[in-house]
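> So here's data.txt, just compact mmCIF, C-alpha atoms:
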```
# COMPACT_ATOMS: atom_id res chain seq x y z
CA MET A 293 46.53 -80.98 -20.76
CA ASP A 294 44.53 -81.30 -17.56
CA LEU A 295 40.88 -81.00 -18.51
CA LYS A 296 39.52 -81.55 -15.03
CA PRO A 297 37.76 -78.38 -13.88
CA ASN A 298 38.97 -76.77 -10.67
CA LEU A 299 35.88 -75.73 -8.72
CA ASN A 300 37.89 -73.67 -6.25
CA SER A 301 39.78 -71.49 -8.69
CA PRO A 302 38.04 -68.68 -10.58
CA VAL A 303 39.09 -67.69 -14.05
CA LEU A 304 41.12 -64.49 -14.29
CA ALA A 305 39.94 -62.69 -17.41
CA ASP A 306 42.51 -59.87 -17.38
CA GLN A 307 45.31 -60.19 -19.87
CA VAL A 308 48.95 -60.76 -18.95
CA PRO A 309 52.17 -60.34 -20.92
CA VAL A 310 53.15 -63.50 -22.77
CA LYS A 311 56.31 -64.89 -24.36
CA MET A 312 57.40 -64.99 -27.97
CA SER A 313 55.02 -66.92 -30.17
CA SER A 314 56.19 -69.74 -32.38
CA LEU A 315 54.00 -68.34 -35.11
CA GLY A 316 56.73 -65.88 -35.97
CA ARG A 317 55.16 -62.74 -34.50
CA SER A 318 55.95 -61.33 -31.10
CA ALA A 319 53.34 -62.43 -28.60
CA THR A 320 53.73 -59.08 -26.91
CA SER A 321 52.86 -57.21 -30.10
CA ALA A 322 49.36 -56.63 -28.74
CA PRO A 323 50.30 -54.25 -25.92
CA TYR A 324 48.06 -52.39 -23.55
CA TRP A 325 49.07 -49.22 -25.33
CA ALA A 326 50.94 -48.31 -28.49
CA SER A 327 52.03 -45.10 -30.16
CA PHE A 328 53.09 -44.37 -33.69
CA SER A 329 55.54 -42.06 -35.41
CA SER A 330 52.70 -39.91 -36.71
CA ASP A 331 50.97 -37.23 -34.66
CA LEU A 332 48.20 -39.69 -33.89
CA HIS A 333 48.54 -41.78 -30.74
CA LEU A 334 46.56 -44.91 -30.04
CA ILE A 335 45.93 -45.59 -26.37
CA ILE A 336 44.13 -48.73 -25.24
CA PRO A 337 43.70 -48.66 -21.46
CA LYS A 338 44.09 -51.65 -19.20
CA ARG A 339 40.97 -53.34 -18.05
CA ARG A 340 39.97 -52.33 -14.56
CA THR A 341 40.22 -54.68 -11.62
CA PHE A 342 36.90 -54.66 -9.85
CA PRO A 343 36.42 -54.76 -6.07
CA ASN A 344 34.38 -57.40 -4.29
CA LYS A 345 31.10 -58.12 -6.04
CA LEU A 346 29.17 -57.30 -2.87
CA ASP A 347 30.15 -53.64 -2.88
CA ASP A 348 27.74 -50.95 -4.03
CA VAL A 349 27.48 -50.67 -7.81
CA ARG A 350 28.79 -47.11 -7.98
CA THR A 351 31.80 -47.80 -5.76
CA SER A 352 32.63 -51.20 -7.23
CA GLY A 353 33.02 -49.87 -10.75
CA TRP A 354 30.34 -52.03 -12.31
CA LEU A 355 28.40 -49.07 -13.60
CA ASP A 356 31.56 -47.70 -15.23
CA ALA A 357 32.27 -51.13 -16.70
CA MET A 358 28.77 -51.32 -18.17
CA LYS A 359 29.13 -47.91 -19.76
CA ALA A 360 32.62 -48.65 -21.10
CA SER A 361 31.51 -51.91 -22.72
CA SER A 362 28.32 -50.36 -24.10
CA PRO A 363 29.10 -47.12 -25.92
CA PRO A 364 25.99 -44.97 -26.47
CA ARG A 365 24.61 -44.25 -29.89
CA LYS A 366 25.56 -40.94 -31.43
CA LYS A 367 23.30 -38.02 -30.64
CA ILE A 368 22.86 -35.01 -32.85
CA ASN A 369 24.80 -32.03 -31.55
CA LYS A 370 25.06 -28.84 -33.57
CA ASP A 371 28.44 -28.04 -31.99
CA ILE A 372 30.06 -31.23 -33.28
CA ASN A 373 31.60 -31.48 -36.71
CA PHE A 374 30.70 -35.09 -37.49
CA ASP A 375 32.85 -35.12 -40.63
CA THR A 376 35.90 -34.26 -38.55
CA ALA A 377 34.92 -36.72 -35.81
CA SER A 378 34.47 -39.46 -38.40
CA GLU A 379 37.85 -38.70 -39.95
CA GLU A 380 39.54 -38.91 -36.55
CA ALA A 381 37.81 -42.20 -35.77
CA ASP A 382 38.87 -43.63 -39.13
CA ALA A 383 42.47 -42.50 -38.58
CA LEU A 384 42.49 -44.11 -35.13
CA TYR A 385 41.14 -47.37 -36.53
CA LEU A 386 43.73 -47.38 -39.32
CA SER A 387 46.47 -46.93 -36.73
CA TRP A 388 45.03 -49.81 -34.70
CA LEU A 389 45.15 -51.96 -37.84
CA LYS A 390 48.92 -51.61 -37.82
CA ILE A 391 48.91 -53.76 -34.67
CA TYR A 392 45.98 -56.02 -35.58
CA PRO A 393 45.89 -56.11 -39.39
CA SER A 394 42.82 -57.19 -41.32
CA ALA A 395 42.60 -60.95 -41.80
CA ILE A 396 41.42 -60.23 -45.35
CA SER A 397 44.34 -58.02 -46.36
CA SER A 398 46.65 -60.47 -44.53
CA PHE A 399 44.98 -63.51 -46.07
CA GLU A 400 48.01 -64.58 -48.11
CA LYS A 401 50.20 -64.44 -45.01
CA ILE A 402 47.70 -66.58 -43.08
CA THR A 403 47.36 -69.18 -45.83
CA ASN A 404 51.11 -69.34 -46.38
CA TYR A 405 51.43 -70.41 -42.78
CA ALA A 406 48.48 -72.81 -43.18
CA LYS A 407 50.01 -74.69 -46.12
CA GLY A 408 50.21 -78.39 -45.37
CA LYS A 409 48.36 -77.98 -42.09
CA THR A 410 44.93 -78.97 -40.86
CA VAL A 411 42.98 -75.77 -40.22
CA ALA A 412 40.46 -76.00 -37.37
CA LEU A 413 37.84 -73.25 -37.19
CA PHE A 414 36.27 -71.96 -33.98
CA LEU A 415 33.57 -69.31 -34.34
CA ASP A 416 31.64 -67.18 -31.88
CA TYR A 417 28.02 -66.50 -32.84
CA ASP A 418 26.58 -63.11 -31.75
CA GLY A 419 28.47 -60.25 -33.41
CA THR A 420 30.54 -62.72 -35.43
CA LEU A 421 28.15 -64.80 -37.53
CA SER A 422 25.14 -62.61 -36.81
CA PRO A 423 24.84 -58.87 -36.21
CA ILE A 424 24.30 -57.50 -32.72
CA VAL A 425 20.59 -56.71 -32.38
CA ASP A 426 18.43 -55.08 -29.72
CA ASN A 427 16.43 -58.26 -29.06
CA PRO A 428 18.73 -61.27 -28.50
CA GLU A 429 15.95 -63.56 -29.69
CA HIS A 430 16.23 -61.98 -33.15
CA ALA A 431 19.96 -62.53 -33.68
CA PHE A 432 19.47 -64.46 -36.90
CA MET A 433 22.31 -65.25 -39.26
CA SER A 434 21.77 -64.65 -42.98
CA SER A 435 21.27 -67.51 -45.40
CA ALA A 436 24.49 -66.43 -47.16
CA MET A 437 26.42 -66.68 -43.88
CA ARG A 438 24.90 -70.09 -43.17
CA THR A 439 26.04 -71.29 -46.59
CA ALA A 440 29.54 -69.92 -45.98
CA VAL A 441 29.79 -71.70 -42.62
CA LYS A 442 28.38 -74.93 -44.09
CA ASN A 443 30.92 -74.87 -46.91
CA ALA A 444 33.76 -74.15 -44.49
CA ALA A 445 32.73 -77.12 -42.35
CA GLY A 446 33.01 -79.29 -45.44
CA TYR A 447 36.75 -78.60 -45.57
CA PHE A 448 37.72 -77.81 -41.99
CA PRO A 449 36.62 -79.19 -38.61
CA THR A 450 34.41 -76.35 -37.37
CA ALA A 451 32.88 -75.53 -33.99
CA ILE A 452 30.64 -72.77 -32.67
CA ILE A 453 31.58 -71.55 -29.18
CA SER A 454 28.95 -69.22 -27.74
CA GLY A 455 27.69 -67.77 -24.51
CA ARG A 456 24.23 -68.90 -25.59
CA SER A 457 22.89 -72.27 -24.52
CA ARG A 458 24.06 -75.03 -26.82
CA ASP A 459 20.53 -75.86 -27.97
CA LYS A 460 19.74 -72.21 -28.67
CA VAL A 461 22.83 -71.50 -30.76
CA HIS A 462 22.31 -74.78 -32.63
CA GLY A 463 18.79 -73.59 -33.40
CA PHE A 464 20.11 -70.29 -34.77
CA VAL A 465 22.83 -71.90 -36.89
CA GLY A 466 20.82 -74.91 -38.01
CA LEU A 467 23.80 -76.93 -39.26
CA ASN A 468 24.52 -80.48 -38.17
CA GLU A 469 28.01 -80.58 -39.68
CA LEU A 470 29.42 -78.52 -36.80
CA TYR A 471 30.37 -79.08 -33.19
CA TYR A 472 28.74 -76.84 -30.62
CA ALA A 473 29.92 -75.45 -27.29
CA GLY A 474 27.32 -73.42 -25.40
CA SER A 475 27.37 -71.49 -22.13
CA HIS A 476 30.91 -70.19 -22.80
CA GLY A 477 32.16 -73.74 -23.33
CA MET A 478 30.48 -75.34 -20.31
CA ASP A 479 28.23 -77.50 -22.51
CA ILE A 480 30.10 -79.18 -25.38
CA ILE A 481 29.22 -81.77 -27.97
CA GLY A 482 32.44 -83.02 -29.52
CA PRO A 483 33.55 -85.90 -31.73
CA VAL A 484 34.44 -89.30 -30.35
CA LYS A 485 38.07 -90.06 -31.12
CA ASP A 486 40.60 -92.47 -29.64
CA SER A 487 41.72 -90.00 -26.99
CA LYS A 488 41.18 -91.57 -23.57
CA ARG A 489 42.19 -88.26 -21.99
CA VAL A 490 38.89 -86.84 -23.20
CA SER A 491 36.53 -89.78 -22.83
CA ASN A 492 37.75 -90.53 -19.29
CA GLN A 493 37.24 -86.99 -18.05
CA PRO A 494 34.70 -86.46 -15.25
CA ASN A 495 31.42 -84.96 -16.48
CA THR A 496 31.94 -86.53 -19.93
CA ILE A 497 29.38 -88.99 -21.22
CA ARG A 498 29.15 -90.88 -24.49
CA SER A 499 25.95 -89.94 -26.29
CA THR A 500 24.40 -89.63 -29.75
CA ASP A 501 23.36 -86.50 -31.60
CA GLU A 502 20.22 -85.84 -33.65
CA GLN A 503 21.57 -87.89 -36.57
CA GLY A 504 22.48 -90.84 -34.37
CA LYS A 505 26.21 -90.03 -34.59
CA GLU A 506 28.22 -90.97 -31.51
CA VAL A 507 29.55 -87.92 -29.66
CA ASN A 508 31.11 -86.91 -26.36
CA LEU A 509 28.94 -84.66 -24.22
CA PHE A 510 31.06 -82.64 -21.79
CA GLN A 511 29.47 -80.52 -19.05
CA PRO A 512 32.06 -79.49 -16.42
CA ALA A 513 29.53 -77.37 -14.50
CA SER A 514 26.68 -79.89 -14.38
CA GLU A 515 26.42 -79.69 -10.58
CA PHE A 516 25.54 -75.97 -10.90
CA LEU A 517 22.33 -76.54 -12.88
CA PRO A 518 19.92 -76.32 -9.88
CA MET A 519 21.72 -73.19 -8.66
CA ILE A 520 21.59 -71.53 -12.11
CA ASP A 521 17.87 -72.28 -12.43
CA GLU A 522 17.24 -70.78 -8.98
CA VAL A 523 19.15 -67.61 -9.84
CA PHE A 524 17.34 -67.35 -13.17
CA ARG A 525 13.95 -67.42 -11.46
CA SER A 526 15.07 -64.84 -8.89
CA LEU A 527 16.37 -62.50 -11.60
CA ILE A 528 13.14 -62.77 -13.58
CA LYS A 529 11.19 -61.79 -10.47
CA ASN A 530 13.52 -58.98 -9.37
CA THR A 531 14.01 -57.26 -12.74
CA LYS A 532 10.50 -57.49 -14.18
CA ASP A 533 9.78 -53.88 -13.19
CA ILE A 534 12.81 -52.55 -15.14
CA LEU A 535 11.54 -51.61 -18.57
CA GLY A 536 13.51 -53.20 -21.40
CA SER A 537 15.42 -55.72 -19.29
CA LYS A 538 15.58 -59.33 -20.44
CA VAL A 539 16.85 -62.34 -18.52
CA GLU A 540 18.04 -65.29 -20.60
CA ASN A 541 18.70 -68.77 -19.26
CA ASN A 542 21.69 -70.17 -21.14
CA LYS A 543 21.66 -73.42 -19.14
CA PHE A 544 25.00 -73.05 -17.37
CA CYS A 545 24.95 -69.27 -17.15
CA VAL A 546 22.33 -66.54 -16.90
CA SER A 547 22.47 -63.44 -19.10
CA VAL A 548 20.80 -60.16 -18.09
CA HIS A 549 20.45 -57.97 -21.18
CA TYR A 550 20.13 -54.21 -20.72
CA ARG A 551 20.42 -53.10 -24.37
CA LEU A 552 16.83 -51.79 -24.28
CA VAL A 553 17.05 -50.38 -20.74
CA ASP A 554 17.30 -46.62 -20.26
CA GLU A 555 20.84 -45.75 -19.18
CA LYS A 556 19.45 -44.07 -16.07
CA SER A 557 18.38 -47.53 -14.86
CA TRP A 558 21.67 -49.32 -15.54
CA ASP A 559 22.88 -48.87 -11.97
CA LEU A 560 19.53 -50.24 -10.73
CA ILE A 561 19.71 -53.39 -12.85
CA ALA A 562 23.33 -54.00 -11.83
CA GLN A 563 22.47 -53.54 -8.16
CA ARG A 564 19.54 -55.96 -8.45
CA VAL A 565 21.85 -58.58 -9.98
CA LEU A 566 24.52 -58.04 -7.31
CA ASP A 567 21.94 -58.26 -4.53
CA ILE A 568 20.97 -61.72 -5.75
CA ILE A 569 24.37 -63.26 -6.42
CA LYS A 570 25.78 -62.11 -3.07
CA ASN A 571 24.02 -65.18 -1.69
CA TYR A 572 25.84 -67.46 -4.15
CA PRO A 573 29.61 -67.42 -3.46
CA ARG A 574 30.20 -70.08 -6.12
CA LEU A 575 28.84 -67.82 -8.86
CA ARG A 576 30.53 -64.79 -10.39
CA LEU A 577 29.39 -61.78 -12.37
CA THR A 578 31.00 -60.82 -15.68
CA TYR A 579 29.96 -58.40 -18.39
CA GLY A 580 29.88 -58.11 -22.16
CA ARG A 581 28.26 -55.79 -24.68
CA LYS A 582 25.16 -54.56 -22.83
CA VAL A 583 24.84 -57.82 -20.93
CA LEU A 584 25.65 -58.96 -17.40
CA GLU A 585 26.34 -62.67 -17.02
CA ILE A 586 26.24 -64.91 -13.98
CA ARG A 587 28.52 -67.92 -14.33
CA PRO A 588 29.88 -70.71 -12.10
CA VAL A 589 33.24 -70.09 -10.47
CA ILE A 590 35.16 -72.86 -12.18
CA ASP A 591 38.37 -72.91 -14.15
CA TRP A 592 36.61 -73.19 -17.49
CA ASN A 593 36.06 -70.74 -20.34
CA LYS A 594 36.12 -70.51 -24.12
CA GLY A 595 39.87 -71.05 -24.17
CA ARG A 596 39.57 -74.31 -22.28
CA ALA A 597 36.73 -75.28 -24.63
CA VAL A 598 39.06 -74.80 -27.62
CA GLU A 599 41.64 -77.06 -25.97
CA PHE A 600 39.01 -79.68 -25.22
CA LEU A 601 37.70 -79.69 -28.78
CA LEU A 602 41.19 -79.90 -30.26
CA GLU A 603 41.84 -82.87 -27.99
CA SER A 604 38.51 -84.41 -29.01
CA LEU A 605 39.38 -83.96 -32.67
CA GLY A 606 42.77 -85.56 -32.17
CA LEU A 607 44.45 -82.30 -33.20
CA ASN A 608 46.07 -81.18 -29.96
CA ASP A 609 49.87 -80.88 -29.57
CA ARG A 610 50.52 -81.29 -33.27
CA ASP A 611 52.74 -79.10 -35.43
CA ASP A 612 50.63 -79.65 -38.55
CA VAL A 613 47.47 -78.04 -37.12
CA LEU A 614 46.42 -74.39 -37.32
CA PRO A 615 43.46 -73.42 -35.09
CA ILE A 616 41.74 -70.16 -36.03
CA TYR A 617 39.30 -68.55 -33.60
CA VAL A 618 37.00 -65.71 -34.72
CA GLY A 619 35.08 -63.73 -32.09
CA ASP A 620 34.00 -60.24 -31.11
CA ASP A 621 33.51 -60.13 -27.34
CA ARG A 622 35.70 -59.99 -24.23
CA THR A 623 34.78 -63.63 -23.42
CA ASP A 624 36.54 -64.63 -26.66
CA GLU A 625 39.78 -63.22 -25.26
CA ASP A 626 40.27 -66.42 -23.26
CA ALA A 627 40.40 -68.34 -26.54
CA PHE A 628 42.66 -65.75 -28.19
CA LYS A 629 45.00 -66.01 -25.22
CA VAL A 630 45.22 -69.81 -25.42
CA LEU A 631 46.20 -69.65 -29.08
CA ARG A 632 48.68 -66.80 -28.56
CA VAL A 633 50.41 -68.08 -25.41
CA GLY A 634 50.76 -71.58 -26.78
CA GLY A 635 51.78 -70.32 -30.20
CA LYS A 636 49.10 -72.65 -31.52
CA GLY A 637 47.10 -70.55 -33.94
CA PHE A 638 45.50 -67.23 -34.79
CA GLY A 639 42.79 -65.26 -33.02
CA ILE A 640 40.75 -62.87 -35.15
CA LEU A 641 38.83 -60.08 -33.39
CA VAL A 642 35.65 -58.79 -35.04
CA SER A 643 35.49 -55.08 -34.24
CA SER A 644 34.99 -51.79 -36.06
CA VAL A 645 36.62 -49.82 -33.23
CA PRO A 646 40.06 -50.15 -31.58
CA LYS A 647 40.12 -52.58 -28.67
CA GLU A 648 42.71 -54.19 -26.47
CA THR A 649 42.96 -57.84 -27.53
CA ASN A 650 45.05 -60.99 -27.58
CA ALA A 651 44.05 -61.64 -31.19
CA TYR A 652 46.54 -61.49 -34.06
CA TYR A 653 44.21 -60.16 -36.75
CA SER A 654 40.91 -58.33 -37.08
CA LEU A 655 37.75 -58.09 -39.16
CA ARG A 656 35.31 -55.18 -39.07
CA GLU A 657 31.94 -56.98 -39.07
CA PRO A 658 30.11 -60.26 -39.78
CA LEU A 659 30.09 -59.52 -43.52
CA GLU A 660 33.89 -59.57 -43.48
CA VAL A 661 33.78 -62.80 -41.47
CA MET A 662 31.70 -64.31 -44.27
CA ASP A 663 34.17 -63.06 -46.89
CA PHE A 664 37.03 -64.57 -44.91
CA LEU A 665 35.30 -67.96 -44.68
CA ILE A 666 34.52 -67.93 -48.40
CA SER A 667 38.14 -67.07 -49.21
CA LEU A 668 39.36 -69.82 -46.90
CA VAL A 669 37.26 -72.43 -48.73
CA ARG A 670 38.41 -71.13 -52.11
CA TRP A 671 42.04 -71.36 -51.00
CA LYS A 672 41.57 -74.92 -49.69
CA LYS A 673 39.97 -76.04 -52.93
CA ALA A 674 42.90 -74.66 -54.90
CA GLU A 675 45.41 -76.27 -52.56
CA MET A 676 43.72 -79.66 -52.91
CA ALA A 677 43.63 -79.32 -56.68
CA THR A 678 47.41 -79.00 -56.81
CA HIS A 679 48.01 -82.19 -54.84
```
Turn the structure described in the file into structure tokens.


Amino acid sequence: MDLKPNLNSPVLADQVPVKMSSLGRSATSAPYWASFSSDLHLIIPKRRTFPNKLDDVRTSGWLDAMKASSPPRKKINKDINFDTASEEADALYLSWLKIYPSAISSFEKITNYAKGKTVALFLDYDGTLSPIVDNPEHAFMSSAMRTAVKNAAGYFPTAIISGRSRDKVHGFVGLNELYYAGSHGMDIIGPVKDSKRVSNQPNTIRSTDEQGKEVNLFQPASEFLPMIDEVFRSLIKNTKDILGSKVENNKFCVSVHYRLVDEKSWDLIAQRVLDIIKNYPRLRLTYGRKVLEIRPVIDWNKGRAVEFLLESLGLNDRDDVLPIYVGDDRTDEDAFKVLRVGGKGFGILVSSVPKETNAYYSLREPLEVMDFLISLVRWKKAEMATH
């Protein structure tokens, strides 16, 4: 595995067809569209390919992308039968579950495959361990979730991979038993093992964590720090008049949140962002759930972070290892894709609505994520008791 970042090659986030997975399920069983024998048809459209980032917002498709990734809240309409609408939505979701079954209802199948293997857990934070909230500063995880994650880390090597800065997500989680990858994997603290392939990588330094434990600190985009700080300051200045906007510095990327911005101003905030990054050809603009993100154009993402951590843990290229990645956002698709294409493990998408994904399984919400983690620990305890 070549872990050296390629500064001239941007990451392509769109999904591509993949080959049969060694996990025993067709890797193409997560198609762009699927239909069923019933009268109900499930259609999941392809992601759009966006024109040059310098084009006008309305012609480039960014406004459409923002709306598509940020569905509006329901409004009361006397002409709508909400009972019928709810029934149709439920039926659509149930049909989607035929392609991406619940990780809870499929738990026995997952653990049957995990028998005799080392399970490695990779978890997103926002929308996975904590609920999505209007103010990103208030995305706190519950004490029950923290306990579930802590217990899981006692039995499985566990890492948090988030778009947040590493320090910020560590502050939210508050657990020292984990490994953390912030800024979509561009800022990683991982274990020190015997692997020279990791320790000899450029941008990797040997350091110590808060407990004095020796760790590898990997920052493939370290040269972008001055540029990111400059863009952050410019965005603060140029969006301060847009009510509800919030600019967050996540160290190696900048997030512009528009969850509290009136939809009429979405095109304005996108245009302001585009006007700034047009002067930075080595930065790119991506989007998530009511957030625009400015990131370095390097061949690094959450999928590469998973590979790096597996290598750091001494678990890469082994048949007795089962990586499981749980996440809710489009940036997690890079990790799902790595596990699916390589036939390495399982991706679990957290979503209460049908979505196109490279994951194998699904969970509806963070509460189900907690239940899954608790069940995983209970299963491991029982397995250890029988040996």

> Given the choices A:Phe464, A:His476, A:Tyr572, A:Arg551, which gets closest to Val425 (chain A) if the distance is worked out from all atoms listed in the file?

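Nearest to Val425 (chain A): A:Arg551.
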
> In Å to one decimal, how far is CA of Tyr550 (chain A) from CA of Arg622 (chain A)?

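Computing it gives 17.0 Å between the two atoms.
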
> What lies within 7 Å of region 628-631 of chain A using all atoms listed in the file, ignoring chain neighbours under 4 positions off, as a short mmCIF file (atom, residue, chain, number, x, y, z; two decimals) with C-alpha atoms, keeping the file's coordinate frame?


```
data_model
loop_
_atom_site.label_atom_id
_atom_site.label_comp_id
_atom_site.auth_asym_id
_atom_site.auth_seq_id
_atom_site.Cartn_x
_atom_site.Cartn_y
_atom_site.Cartn_z
CA GLY A 595 39.87 -71.05 -24.17
CA TYR A 617 39.30 -68.55 -33.60
CA ASP A 624 36.54 -64.63 -26.66
CA GLY A 635 51.78 -70.32 -30.20
CA LYS A 636 49.10 -72.65 -31.52
CA GLY A 637 47.10 -70.55 -33.94
CA PHE A 638 45.50 -67.23 -34.79
CA GLY A 639 42.79 -65.26 -33.02
CA ASN A 650 45.05 -60.99 -27.58
CA ALA A 651 44.05 -61.64 -31.19
#
```

> Distance CA of Pro615 (chain A)-CA of Thr450 (chain A), one decimal place?

9.8 Å

> Kindly give the distance, in Å, that separates CA of Thr623 (chain A) and CA of Phe516 (chain A), rounded to a single decimal.

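If I compute the distance from CA of Thr623 (chain A) to CA of Phe516 (chain A), I get 19.9 Å.
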
> Considering all atoms listed in the file, can you say which of A:Arg564, A:Tyr472, A:Glu540, A:Asp611 comes closest to Lys407 (chain A)?

A:Asp611

> Pick out the residues sitting within 12 Å of Ser435 (chain A), and hand them over as a count of residues only; count all atoms listed in the file, and ignore anything fewer than 6 positions along from it in its own chain.

9

> Kindly compute an axis-aligned box around the listed atoms of region 409-414 of chain A, allowing 8 Å on each side, and express its centre and edge lengths in Å to one decimal as lines of an AutoDock Vina configuration file.


```
center_x = 42.3
center_y = -75.5
center_z = -38.0
size_x = 28.1
size_y = 23.0
size_z = 24.1
```

> Taking all atoms listed in the file into account, name the residue in A:Lys570, A:His549, A:Arg656, A:His462 that is nearest to Ser537 (chain A).

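Among the listed residues, A:His549 lies closest to Ser537 (chain A).
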
> Name the closest residue to Asp459 (chain A) among the candidates A:Lys532, A:Phe399, A:Asn542, A:Asp418; distances are taken between atoms, counting all atoms listed in the file.

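Checking each candidate against Asp459 (chain A), we get A:Asn542 as the closest.
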
> Between A:Arg596, A:Arg458, A:Arg581, A:Arg576, which has the minimum distance to Asn541 (chain A) (counting all atoms listed in the file)?

A:Arg458

> With distances taken over all atoms listed in the file, which residue among A:Cys545, A:Tyr653, A:Glu675, A:Glu515 lies nearest Thr578 (chain A)?

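Looking at the shortest contact to Thr578 (chain A), the residue is A:Cys545.
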